[in-house]
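Next up, run.txt (compact mmCIF, C-alpha atoms):
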# COMPACT_ATOMS: atom_id res chain seq x y z
CA MET A 10 11.14 -27.97 -28.33
CA ALA A 11 10.57 -30.38 -31.23
CA SER A 12 6.94 -30.75 -30.25
CA LEU A 13 6.41 -27.03 -30.72
CA ILE A 14 7.60 -27.21 -34.26
CA SER A 15 5.59 -30.30 -35.12
CA SER A 16 2.44 -28.91 -33.59
CA ASP A 17 2.31 -26.18 -36.19
CA PRO A 18 2.33 -27.90 -39.56
CA ASP A 19 1.11 -24.91 -41.51
CA THR A 20 4.33 -22.91 -41.53
CA SER A 21 7.70 -24.11 -42.72
CA PRO A 22 10.23 -25.16 -40.03
CA GLU A 23 12.51 -22.16 -40.74
CA LEU A 24 9.77 -19.62 -40.55
CA ASN A 25 8.47 -21.34 -37.46
CA ARG A 26 11.85 -21.20 -35.76
CA LYS A 27 12.22 -17.50 -36.44
CA LYS A 28 8.70 -16.86 -35.26
CA ARG A 29 9.21 -18.92 -32.17
CA LYS A 30 12.52 -17.25 -31.31
CA ARG A 31 11.03 -13.81 -31.56
CA SER A 32 7.81 -14.68 -29.82
CA THR A 33 9.55 -16.51 -26.98
CA VAL A 34 11.47 -13.39 -26.04
CA GLU A 35 8.39 -11.27 -26.36
CA THR A 36 6.25 -13.82 -24.63
CA ASN A 37 8.47 -14.05 -21.57
CA SER A 38 8.49 -10.36 -20.83
CA SER A 39 4.94 -9.80 -21.98
CA MET A 40 3.78 -12.74 -19.91
CA GLU A 41 5.35 -11.18 -16.85
CA LYS A 42 3.74 -7.83 -17.49
CA HIS A 43 0.48 -9.43 -18.46
CA ARG A 44 0.44 -11.47 -15.28
CA SER A 45 1.21 -8.59 -13.00
CA LYS A 46 -1.14 -6.28 -14.86
CA ARG A 47 -3.95 -8.78 -14.47
CA TRP A 48 -3.96 -8.19 -10.74
CA ARG A 49 -4.68 -4.54 -11.34
CA THR A 50 -7.87 -4.95 -13.34
CA ASP A 51 -11.29 -4.34 -11.83
CA LYS A 52 -12.55 -7.56 -13.28
CA GLU A 53 -9.92 -9.64 -11.53
CA GLN A 54 -10.67 -7.90 -8.27
CA GLN A 55 -14.39 -8.48 -8.57
CA ILE A 56 -13.93 -12.13 -9.40
CA TYR A 57 -11.68 -12.52 -6.39
CA SER A 58 -14.11 -10.70 -4.09
CA LEU A 59 -16.95 -12.90 -5.19
CA LYS A 60 -15.01 -16.12 -4.80
CA LEU A 61 -13.76 -15.03 -1.43
CA PHE A 62 -17.21 -14.11 -0.21
CA ASP A 63 -18.62 -17.42 -1.36
CA ALA A 64 -15.79 -19.30 0.29
CA LEU A 65 -16.24 -17.44 3.56
CA ARG A 66 -19.99 -17.73 3.83
CA GLY A 67 -19.93 -21.39 4.71
CA SER A 68 -16.83 -21.66 6.91
CA ARG A 69 -16.00 -20.94 10.53
CA ARG A 70 -15.04 -17.38 10.96
CA SER A 71 -11.95 -16.73 13.01
CA GLY A 72 -9.64 -14.06 11.69
CA ARG A 73 -7.03 -16.72 11.07
CA GLU A 74 -9.46 -18.80 8.99
CA VAL A 75 -10.38 -15.78 6.92
CA ARG A 76 -6.71 -15.07 6.24
CA VAL A 77 -6.04 -18.64 5.19
CA THR A 78 -9.08 -18.67 2.92
CA ALA A 79 -8.17 -15.31 1.40
CA ASP A 80 -4.68 -16.57 0.61
CA ARG A 81 -5.99 -19.78 -0.86
CA VAL A 82 -8.45 -18.03 -3.15
CA LEU A 83 -5.67 -15.64 -4.17
CA ALA A 84 -3.32 -18.51 -4.95
CA VAL A 85 -5.99 -20.27 -6.99
CA SER A 86 -6.54 -17.09 -8.96
CA ALA A 87 -2.92 -17.23 -10.06
CA ARG A 88 -3.74 -20.47 -11.90
CA GLY A 89 -0.51 -22.20 -11.03
CA ALA A 90 1.59 -19.81 -13.04
CA THR A 91 3.76 -18.65 -10.14
CA ARG A 92 5.85 -20.38 -7.51
CA TRP A 93 4.43 -18.38 -4.62
CA SER A 94 0.88 -19.40 -5.49
CA ARG A 95 1.78 -23.06 -5.77
CA ALA A 96 3.63 -22.85 -2.46
CA ILE A 97 0.60 -21.40 -0.69
CA LEU A 98 -1.63 -24.17 -1.96
CA THR A 99 0.74 -26.99 -1.10
CA SER A 100 1.47 -25.58 2.34
CA GLN A 101 -2.23 -25.41 3.09
CA LEU A 102 -2.67 -29.03 2.08
CA GLY A 103 -0.41 -30.27 4.80
CA GLY A 104 3.35 -29.79 4.71
CA GLY A 105 4.78 -32.42 2.37
CA ALA A 106 6.19 -29.61 0.28
CA SER A 107 8.68 -28.62 2.96
CA LEU A 108 10.65 -31.82 2.38
CA ARG A 109 11.06 -30.93 -1.26
CA ASN A 110 12.43 -27.53 -0.35
CA HIS A 111 15.07 -28.97 1.94
CA LYS A 112 16.27 -31.25 -0.81
CA LYS A 113 16.73 -28.34 -3.16
CA ALA A 114 18.56 -26.37 -0.49
CA LYS A 115 21.37 -28.90 -0.31
CA VAL A 116 22.01 -28.70 -4.00
CA VAL A 117 21.69 -24.99 -4.59
CA THR A 118 23.58 -23.63 -1.60
CA GLY A 119 25.81 -20.80 -2.77
CA ASN A 120 27.65 -19.84 0.42
CA GLY A 121 30.69 -22.00 -0.19
CA LYS A 122 31.20 -20.55 -3.63
CA LEU A 123 30.87 -17.02 -2.36
CA LYS A 124 33.61 -17.50 0.19
CA LYS A 125 35.96 -18.95 -2.40
CA GLN A 126 35.68 -15.94 -4.68
CA PRO A 127 39.07 -14.40 -5.48
CA ALA A 128 40.00 -11.28 -3.55
CA ALA A 129 40.43 -9.50 -6.88
CA ILE A 130 36.76 -8.44 -6.74
CA LYS A 131 37.08 -6.70 -3.39
CA LYS A 132 34.32 -4.19 -4.03
CA GLU A 133 31.83 -6.95 -4.74
CA ASN A 134 32.85 -8.93 -1.65
CA ARG A 135 32.30 -5.94 0.56
CA ARG A 136 28.97 -5.04 -0.99
CA LEU A 137 27.51 -8.50 -1.43
CA PRO A 138 26.83 -9.46 2.18
CA ALA A 139 24.36 -6.63 2.78
CA VAL A 140 22.49 -7.29 -0.43
CA VAL A 141 22.61 -11.05 0.06
CA ARG A 142 21.19 -10.62 3.52
CA ARG A 143 18.30 -8.55 2.20
CA VAL A 144 17.71 -11.03 -0.58
CA LYS A 145 17.39 -13.81 1.96
CA VAL A 146 14.88 -11.80 3.95
CA LEU A 147 12.88 -11.17 0.81
CA GLY A 148 13.02 -14.84 -0.05
CA GLY A 149 11.58 -15.60 3.35
CA LEU A 150 8.66 -13.26 2.82
CA VAL A 151 7.52 -14.58 -0.54
CA PRO A 152 6.02 -18.06 -0.10
CA GLY A 153 8.07 -20.91 -1.47
CA CYS A 154 10.94 -18.72 -2.59
CA ARG A 155 13.60 -19.17 0.05
CA LYS A 156 16.15 -20.82 -2.18
CA LEU A 157 15.41 -19.07 -5.43
CA SER A 158 17.99 -17.30 -7.53
CA LEU A 159 17.82 -13.52 -7.50
CA PRO A 160 16.27 -13.01 -10.94
CA ASN A 161 13.52 -15.52 -10.29
CA LEU A 162 12.97 -14.25 -6.80
CA LEU A 163 12.44 -10.71 -8.03
CA GLU A 164 10.05 -11.92 -10.68
CA GLU A 165 8.04 -13.83 -8.08
CA ALA A 166 8.15 -10.90 -5.68
CA THR A 167 6.87 -8.57 -8.38
CA ASP A 168 3.87 -10.73 -9.07
CA TYR A 169 3.31 -11.45 -5.39
CA ILE A 170 3.24 -7.77 -4.51
CA ALA A 171 0.75 -7.01 -7.27
CA ALA A 172 -1.44 -9.87 -6.06
CA LEU A 173 -1.23 -8.73 -2.44
CA GLU A 174 -2.24 -5.23 -3.42
CA MET A 175 -5.29 -6.62 -5.16
CA GLN A 176 -6.07 -8.75 -2.14
CA VAL A 177 -6.02 -5.67 0.07
CA ARG A 178 -8.19 -3.68 -2.33
CA ALA A 179 -10.69 -6.49 -2.67
CA MET A 180 -10.97 -7.22 1.03
CA THR A 181 -11.29 -3.54 1.82
CA ALA A 182 -14.12 -3.18 -0.69
CA LEU A 183 -15.78 -6.30 0.68
CA THR A 184 -15.53 -4.92 4.19
CA GLN A 185 -17.21 -1.73 3.06
CA ILE A 186 -19.97 -3.54 1.19
CA ILE A 187 -20.82 -5.83 4.06
CA GLY A 188 -20.76 -3.40 6.82
CA GLY A 189 -19.33 0.06 6.90
CA GLY A 190 -15.56 0.14 6.31
CA GLY A 191 -13.55 1.35 9.25
CA ALA A 192 -16.41 2.59 11.35
CA ALA A 193 -18.78 0.44 13.34
CA PRO A 194 -22.16 -0.06 11.70
CA PRO A 195 -24.87 2.32 12.95
CA PRO A 196 -27.21 1.01 15.68
CA ALA A 197 -30.28 1.11 13.42
CA ASP A 198 -28.92 -1.79 11.35
CA HIS A 199 -28.43 -3.92 14.43
CA GLN A 200 -32.00 -3.43 15.52
CA LEU A 201 -33.35 -4.44 12.14
CA GLY A 202 -31.20 -7.54 12.03
CA SER A 203 -31.74 -8.85 15.52
CA SER A 204 -35.52 -9.07 15.58
CA MET B 13 30.25 -8.86 -18.19
CA SER B 14 31.63 -12.36 -18.46
CA SER B 15 29.66 -13.80 -15.58
CA ARG B 16 26.26 -13.16 -17.12
CA ARG B 17 24.41 -16.40 -16.56
CA SER B 18 20.83 -17.49 -16.76
CA SER B 19 18.93 -18.45 -13.69
CA GLN B 20 20.40 -21.91 -13.10
CA SER B 21 23.28 -21.13 -10.77
CA GLY B 22 21.54 -19.66 -7.73
CA VAL B 23 23.05 -17.08 -5.44
CA SER B 24 26.66 -17.27 -6.59
CA ARG B 25 28.15 -15.33 -9.49
CA ILE B 26 25.55 -12.67 -10.00
CA SER B 27 26.96 -9.80 -12.00
CA ASP B 28 26.60 -6.19 -10.96
CA ASP B 29 24.67 -5.41 -14.09
CA GLN B 30 22.17 -8.12 -13.38
CA ILE B 31 21.54 -6.86 -9.90
CA ILE B 32 21.11 -3.29 -11.06
CA GLU B 33 18.74 -4.29 -13.83
CA LEU B 34 16.56 -6.49 -11.68
CA VAL B 35 16.48 -4.08 -8.78
CA SER B 36 15.43 -1.27 -11.07
CA LYS B 37 12.44 -3.35 -12.08
CA LEU B 38 11.54 -3.84 -8.47
CA ARG B 39 11.89 -0.14 -7.87
CA GLN B 40 8.97 0.49 -10.18
CA LEU B 41 6.66 -1.21 -7.76
CA LEU B 42 7.43 0.65 -4.61
CA PRO B 43 5.20 3.65 -4.18
CA GLU B 44 7.75 5.72 -2.28
CA ILE B 45 10.76 5.17 -4.45
CA ARG B 46 8.84 5.65 -7.68
CA ASN B 47 8.55 9.33 -6.95
CA ARG B 48 12.20 9.91 -6.21
CA ARG B 49 15.10 10.08 -8.60
CA SER B 50 15.92 6.48 -9.26
CA ASP B 51 19.69 6.77 -9.66
CA LYS B 52 20.39 7.50 -6.06
CA VAL B 53 18.76 4.49 -4.50
CA SER B 54 20.97 1.55 -3.62
CA ALA B 55 20.05 -2.05 -4.27
CA SER B 56 20.14 -2.76 -0.57
CA LYS B 57 17.72 0.05 0.11
CA VAL B 58 15.31 -1.10 -2.57
CA LEU B 59 15.35 -4.64 -1.21
CA GLN B 60 14.77 -3.35 2.28
CA GLU B 61 11.85 -1.19 1.16
CA THR B 62 10.41 -4.14 -0.72
CA CYS B 63 10.55 -6.34 2.36
CA ASN B 64 8.94 -3.64 4.46
CA TYR B 65 6.24 -3.15 1.87
CA ILE B 66 5.40 -6.85 1.77
CA ARG B 67 5.30 -6.97 5.54
CA ASN B 68 2.93 -4.02 5.58
CA LEU B 69 0.68 -5.67 3.03
CA HIS B 70 0.62 -8.85 5.12
CA LYS B 71 -0.36 -6.83 8.15
CA GLU B 72 -3.15 -5.11 6.25
CA VAL B 73 -4.47 -8.44 5.08
CA ASP B 74 -4.40 -9.75 8.64
CA ASP B 75 -6.30 -6.74 9.92
CA LEU B 76 -8.82 -6.99 7.12
CA SER B 77 -9.25 -10.69 7.81
CA GLU B 78 -10.01 -9.96 11.43
CA ARG B 79 -12.52 -7.28 10.45
CA LEU B 80 -14.17 -9.53 7.87
CA SER B 81 -14.50 -12.35 10.37
CA GLN B 82 -16.40 -10.04 12.69
CA LEU B 83 -18.63 -8.70 9.93
CA LEU B 84 -19.38 -12.12 8.52
CA SER B 85 -20.60 -13.43 11.84
CA THR B 86 -23.58 -11.11 11.45
CA ILE B 87 -24.68 -12.61 8.15
CA ASP B 88 -26.46 -15.84 7.39
CA ALA B 89 -24.87 -17.89 4.64
CA ASP B 90 -27.94 -18.26 2.48
CA SER B 91 -29.96 -15.23 3.41
CA ALA B 92 -31.27 -12.60 1.06
CA GLU B 93 -28.70 -10.29 2.57
CA ALA B 94 -25.92 -12.50 1.28
CA ALA B 95 -27.46 -12.42 -2.19
CA ILE B 96 -27.61 -8.64 -2.07
CA ILE B 97 -23.99 -8.47 -1.09
CA ARG B 98 -23.03 -10.73 -3.97
CA SER B 99 -24.85 -8.52 -6.40
CA LEU B 100 -23.09 -5.47 -4.98
CA ILE B 101 -19.69 -7.05 -5.48
CA MET B 102 -20.06 -7.53 -9.20
Please lay out the structure from this file as structure tokens.
Amino acid sequence: MASLISSDPDTSPELNRKKRKRSTVETNSSMEKHRSKRWRTDKEQQIYSLKLFDALRGSRRSGREVRVTADRVLAVSARGATRWSRAILTSQLGGGASLRNHKKAKVVTGNGKLKKQPAAIKKENRRLPAVVRRVKVLGGLVPGCRKLSLPNLLEEATDYIAALEMQVRAMTALTQIIGGGGAAPPPADHQLGSS
Amino acid sequence: MSSRRSSQSGVSRISDDQIIELVSKLRQLLPEIRNRRSDKVSASKVLQETCNYIRNLHKEVDDLSERLSQLLSTIDADSAEAAIIRSLIM
């Protein structure tokens, strides 16, 4: 925190603190929106398509390989700003990350505390299990987010969904550019290519 | 609400208000629920729809990956065709 103040010598410390307080709140929510909105721009989609195409040209081409590459390029596009993207990259490197997750799990486990909750909040006890179950499922679907608190998990899921939607749009467009979308390419093209 | 905490504590002690607020944000994303009246949808339902939506997206990506792998096998890496495709992307 101190470094932020000292890195801006032009304004007085008081003014700086007020500025920083206001801008931190704005920055957090605007950063979220900005991040998720970024996935919706044409530019981002084009950049992704290009990178993906370049990455795929040189590699072996099983469906599985394409999926892995598509996820990697997507995660790189996130520029390390989100947990899911970092988790994808570390999991592709080889699996050392899983140890780290187990360590966190021991510390953050909430089940014991939930059971000890006083019976005074009966409504919450009855309702929580269903929601908690769904939250766990969601945590399993977003990479690297199994043991995340609900607010953070929802933030990650929001960004992850926006990114996935872009991935689908980009790969669909790429499919259409290369060869004809859902339909098989017409025979004439094959003849031209195979001579 | 007295139990309003920041994100450090994990799954325990999440207030009702927090859940409602966060779930309403999530609701904005889901194409189906966006069109309905938001008050009537439970948190559990929204979470379920979210999970289904993510699963569907994963499936689409898998299918597209399969399709792309077939299409790419017909193209040489450094051919003129590849250059044309690149120019069509941008």
Give me the chain A side of the contact with chain B, cut-off 6 Å, one line per residue showing its nearest atom pair and distance in Å at one decimal, counting only C-alpha atoms, sorted by chain and residue number, as a tab-separated table.
residue	atom	partner	partner_atom	distance
A:Gln55	CA	B:Met102	CA	5.8
A:Arg66	CA	B:Ala89	CA	4.9
A:Arg70	CA	B:Ser81	CA	5.1
A:Ser71	CA	B:Ser81	CA	5.7
A:Gly72	CA	B:Glu78	CA	4.1
A:Val75	CA	B:Ser77	CA	5.3
A:Arg76	CA	B:Ser77	CA	5.3
A:Gly119	CA	B:Ser24	CA	5.3
A:Leu123	CA	B:Ser24	CA	6.0
A:Val140	CA	B:Ser56	CA	5.1
A:Arg143	CA	B:Leu59	CA	6.0
A:Leu147	CA	B:Cys63	CA	5.6
A:Ser158	CA	B:Gly22	CA	4.3
A:Val177	CA	B:Val73	CA	5.9
* To do: Measure the distance from atom CA of A:Ala84 to atom CA of A:Tyr169 in Å and round it to one decimal.
  => 9.7 Å
* What does the distance from atom CA of A:Val146 to atom CA of A:Glu165 come to in Å, to one decimal? ->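 Value for the atom CA of A:Val146-atom CA of A:Glu165 distance: 14.0 Å.
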* Atomic distance atom CA of A:Asp63 - atom CA of A:Met175, expressed in Å with one decimal -> 17.6 Å
* Counting all atoms listed in the file, figure out which residue out of A:Thr181, A:Glu53, A:Ser45, A:Arg142 gets nearest to A:Arg155. =>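 Under the stated criterion, the closest residue is A:Arg142.
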